[in-house]
Structures are given as C-alpha cells and as structure tokens.
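A short worksheet on the structure shown next.
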Amino acid sequence: MLIKHISLANFRNYETAEVSFSPGVNLLVGPNGQGKTNLVEAIRYLSTLSSHRVAGYLPLIRHAQPEIEQAVIRVLANHDGRDALLEVELNRSSPNRARINKANATRLRDILGYVNTVTFAPEDLDIVKKDPSNRRAFIDELLVQVSPRFAGVFTDYERVLRQRNTLLRTARQTSAKGTALSTLDAWDESLVKFGAEIVAARVALVDRLRPLLTEAYQSIAIANNDPRIVTKSSLVGATLVDEDDTGALENIESSDVAEVEELFRAKLAQIRQNELDRGITMVGPHRDDLVLMLSDLPAKGYASHGESWSFALGLRLASISLLRSETRSGDPILILDDVFAELDAGRRSRLAELVANNEQVIITAAVGEDVPAELKARVFEVAAGEVSDGA
Ligand SMILES: Nc1ncnc2c1ncn2[C@@H]1O[C@H](COP(=O)(O)OP(=O)(O)OP(=O)(O)O)[C@@H](O)[C@H]1O
Ligand SMILES: [Mg+2]
C-alpha cells in the first residue's frame, strides 16, 4: 500500500501541511528540530493509534496560545488501485474521532488496518539493549497492526490494571478490607480475561515471527549467528519485585487463551497477600518480556554494538515480511527515521538494498548525503513546520 497525500492541521509543530508522496522512495531533509519526525509520526499514528514518543495524544496537538482544541491527520491511502480517505481528529476536550471515506467511524480503532507501517529508528537499539518495556512496545505495535481489535484489548487491560491497582492500595490503607477484597475478585476476572488474550497473542505472534527473523538476520549480518526470540512471562516465573529485573521470568509457550487464563488465575491466587502488601499488580502482560538470544546468549548484555544493530534491523525486516503476508494491505509503508547516519557503510547499503523495492519508503535525514545514492528518492525539504517539494 502507499500514501498519496497527507494533510495535517495543528499536529505537533505543523499549523497546516499538505504533502503529496510518490510511490517508491521519498526523502524528507532538513536541519534538526524542523518537523521531519513529526511528519512520519503522524503516519505511524494512523497505523497504531499510539505514539512511540509519548503516552497519550495531547502532546500531538500543536502547542500555542490561546490553546488549540484539535489536531487533524488526513491521509489519502491507496491499495491495489483503490483509494481510502482516512481522517483522525484528536480533541483536547472531547472524544477523538475517526472518519473513513468521509463517513464517521463507530469506534476510533475502525481506522486501523488501512495504513500499516514499519519504522526503523536509532531507538530500535533500545529493543535489544534496554528494559522490557521496549520489547513489549515492539511486539504490541506489530500485534495491533496484524489484529486491530487488540487496540481495544490493550485499552481495556490498561483500564482494569489502573483500577485494580487503586483498589489494592485502598485495601492496604483502609480498614474496609472485606469490601475491597470482594471487589478485587471481580477485577481479577477482568484482568485475567484481557491479560490472557494479550499473553497468548504475543506468544502466537512471536512463533510466526521467529522463522522470518532467522531469514532477515542472515540477510544483514555478516556472522552466521542464530538469533532467537523467547517469550518470558510473569505468569509462570518467580514473582518479581522489581519491574525491570526480568531474570527470574520463565518461558511461556502456550498460545491457548483458556490455558493462559488458568495460569493467570492460579498465579494471582498464589501472590494475593504479596500484592496486598505492596498495593500493586505484580503479574500480567505489563510485566512480561521477550528474551532475544544470539547463539545461545542473551543479546542484552552480551551482543556487540554491531550485532545489536543487526538484531534490531532483523526484527524490523521480519515485521515487514509478516505484515506483507498476514494483512490485506500488502507492503507496509517503511519509515526510516534518521537511521542512515547511525549505520556504517556496509549496513547502509545493505539496508538500502533491502528496502528499495518496497511499494513506498519514507526516509528522514538531517543530511541528505547520508542516504545512499542508489535509493533514487523524491526529495522534500522540511523547515520550521513547512514542507516543500525540493525536486
Ligand atoms: N505539540 C507541539 N506543538 C508545537 N511544537 C511541537 C510540538 N511537539 C513537538 N514540537 C516541536 O517540534 C520540533 C521537533 O520536531 P521533530 O522531532 O520532527 O524534528 P526533526 O526534524 O525530526 O529533527 P531531528 O533531525 O533532530 O530528528 C521541536 O522543535 C519541538 O519543540
Ligand atoms: Mg527526527
């Protein structure tokens, strides 16, 4: 699929923007802080309804005095010769809304599935090197694109988690323990229902991603290391006190929702007192991790800088193959945000080779020369929230 045109109103540093993209490679160039990442963030937002940079959406509305009420992202997308006009309204003080071909969508998430994206960015290294939240964000972003209904499941899970945590804190602080405890049972059931769906779906998705990762890794890495992904869950391992200390988590292999629900229920029963003492939900998909292995050692803490880069690129390339084969919109839009400056010459040209034939690629760079010349790109210049055709 591809994007023919994007219009922005009051999105990030754009008051308005109108950009017509070409099929193939599009390059956004401009000095730091001009709005290159903001523009691709708008496209990425349409594919996941979340921002990789911030929680919530309010920072996406242009900051100005007097306060601006609404940001709009409008995209004319095309797949297989058919156009779709997609529009999201982000409202400061009323619910956000989506329109598809000018008709109001019942739910915001109905807009998902039309535009799929895979983004390569310097922060991808964090997926390999940093804490579990980076790996959860990676797999969840892919999951929402493969199965848009999960956008709803995540929202439900997060809501239940927040309310359950409040209740646990209340039960700890007040003498009304009895009432709090019986309410807790009801919340447990919702937590288990939404949480087990997420855990099982992640396991299943990782199973499908695994062979694609092996293939992708071999296409970029020089060494013949074997990359693997293992799903580790708080539902089966020792109960963690520190959120980022995932060393004690154990492998989970079941992608059967009912089975995972059983594990979840049993675990909650086992740690009830512990949770009441701490006033927080200690197990569930929000505490799980993916362990990335390279030749039988965890990449985190063992892999070299170059190997970590290859792993991160491999994960993104595997995501492209997966979206291509499992979604109705074909090639996802590839966003390469500031990556070429970070890569050595060898990886630069190999990445260029691997993305060159995708239906549409959008690249940002502060310095145009960092982008390999063999990527014959249509060039746009970005300066202070204005985009001009530099061709
Ligand atoms: N809600 C907002 N309202 C107004 N301006 C914003 C908003 N959010 C971000 N900005 C501004 O957008 C600019 C950053 O834009 P962006 O991240 O797109 O830069 P960039 O062109 O990608 O730069 P770099 O080359 O450094 O990555 C910053 O100056 C920031 O202050
Ligand atoms: Mg940027």
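Here's how to read the names in the structure tokens: chain A, B, ... by the order shown, residue numbers from 1 in each chain, ligand numbers from 1 in the order shown.
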
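Once Leu313 of chain A and its same-chain neighbours fewer than 5 positions away are set aside, A:Phe120, A:Asp124, A:Tyr217, A:Ile220 remain within 8 Å of it when counting only C-alpha atoms.
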
Give as a PyMOL selection string the residues surrounding ligand 1 up to a distance of 7 Å, considering only C-alpha atoms and all ligand atoms. chain A and resi 11-13+30-39+59-64+338+365-366

Mind dumping the selected residues with C-alpha atoms as a PDB file, in the first residue's frame?
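See result_5.pdb below for the written result:
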ATOM      1  CA  PHE A  11      -0.313  18.480  14.538  1.00  0.00           C
ATOM      2  CA  ARG A  12       2.928  18.909  16.561  1.00  0.00           C
ATOM      3  CA  ASN A  13       4.811  21.883  15.051  1.00  0.00           C
ATOM      4  CA  GLY A  30      16.106  19.424   6.892  1.00  0.00           C
ATOM      5  CA  PRO A  31      18.086  20.534   9.919  1.00  0.00           C
ATOM      6  CA  ASN A  32      17.333  19.255  13.430  1.00  0.00           C
ATOM      7  CA  GLY A  33      14.044  20.127  15.085  1.00  0.00           C
ATOM      8  CA  GLN A  34      12.199  21.193  11.909  1.00  0.00           C
ATOM      9  CA  GLY A  35       9.419  18.573  11.879  1.00  0.00           C
ATOM     10  CA  LYS A  36      10.724  15.550   9.949  1.00  0.00           C
ATOM     11  CA  THR A  37       9.999  13.047  12.695  1.00  0.00           C
ATOM     12  CA  ASN A  38       6.709  14.799  13.467  1.00  0.00           C
ATOM     13  CA  LEU A  39       5.515  14.188   9.917  1.00  0.00           C
ATOM     14  CA  PRO A  59       1.394  16.341  23.093  1.00  0.00           C
ATOM     15  CA  LEU A  60       0.441  15.746  19.432  1.00  0.00           C
ATOM     16  CA  ILE A  61      -1.840  18.796  19.402  1.00  0.00           C
ATOM     17  CA  ARG A  62       0.082  21.904  18.397  1.00  0.00           C
ATOM     18  CA  HIS A  63       1.155  23.923  21.386  1.00  0.00           C
ATOM     19  CA  ALA A  64       0.086  27.564  21.033  1.00  0.00           C
ATOM     20  CA  ASP A 338      17.255   9.177  10.846  1.00  0.00           C
ATOM     21  CA  ALA A 365      17.701  12.715   7.271  1.00  0.00           C
ATOM     22  CA  ALA A 366      19.313  15.890   8.535  1.00  0.00           C
TER      23      ALA A 366
END

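Atom CA of Ala196 of chain A to atom CA of Leu212 of chain A spans 25.0 Å [interatomic distance, one decimal].
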
Just the residues within 8 Å of Ile3 of chain A, please, counting only C-alpha atoms, with nothing from its chain fewer than 6 positions along; format it as a VMD selection string. chain A and resid 21 to 23 75 to 78 360

Segment 5-9 of chain A: which residues within 8 Å, counting only C-alpha atoms, same-chain residues fewer than 6 positions away excluded, as a PyMOL selection string? chain A and resi 15-21+71-77

For the selection just defined, write its residues with C-alpha atoms to a file, as a compact mmCIF listing (two decimals), in the first residue's frame.
# COMPACT_ATOMS: atom_id res chain seq x y z
CA GLU A 15 -0.04 24.58 11.66
CA THR A 16 -1.01 23.07 8.33
CA ALA A 17 0.81 20.83 5.90
CA GLU A 18 -0.08 19.33 2.54
CA VAL A 19 2.34 16.74 1.17
CA SER A 20 1.88 14.55 -1.90
CA PHE A 21 4.11 11.50 -1.69
CA ALA A 71 -5.35 18.34 15.63
CA VAL A 72 -6.26 16.57 12.39
CA ILE A 73 -4.39 13.93 10.40
CA ARG A 74 -5.89 13.18 6.99
CA VAL A 75 -4.40 10.64 4.60
CA LEU A 76 -5.34 9.50 1.13
CA ALA A 77 -4.11 5.92 1.03
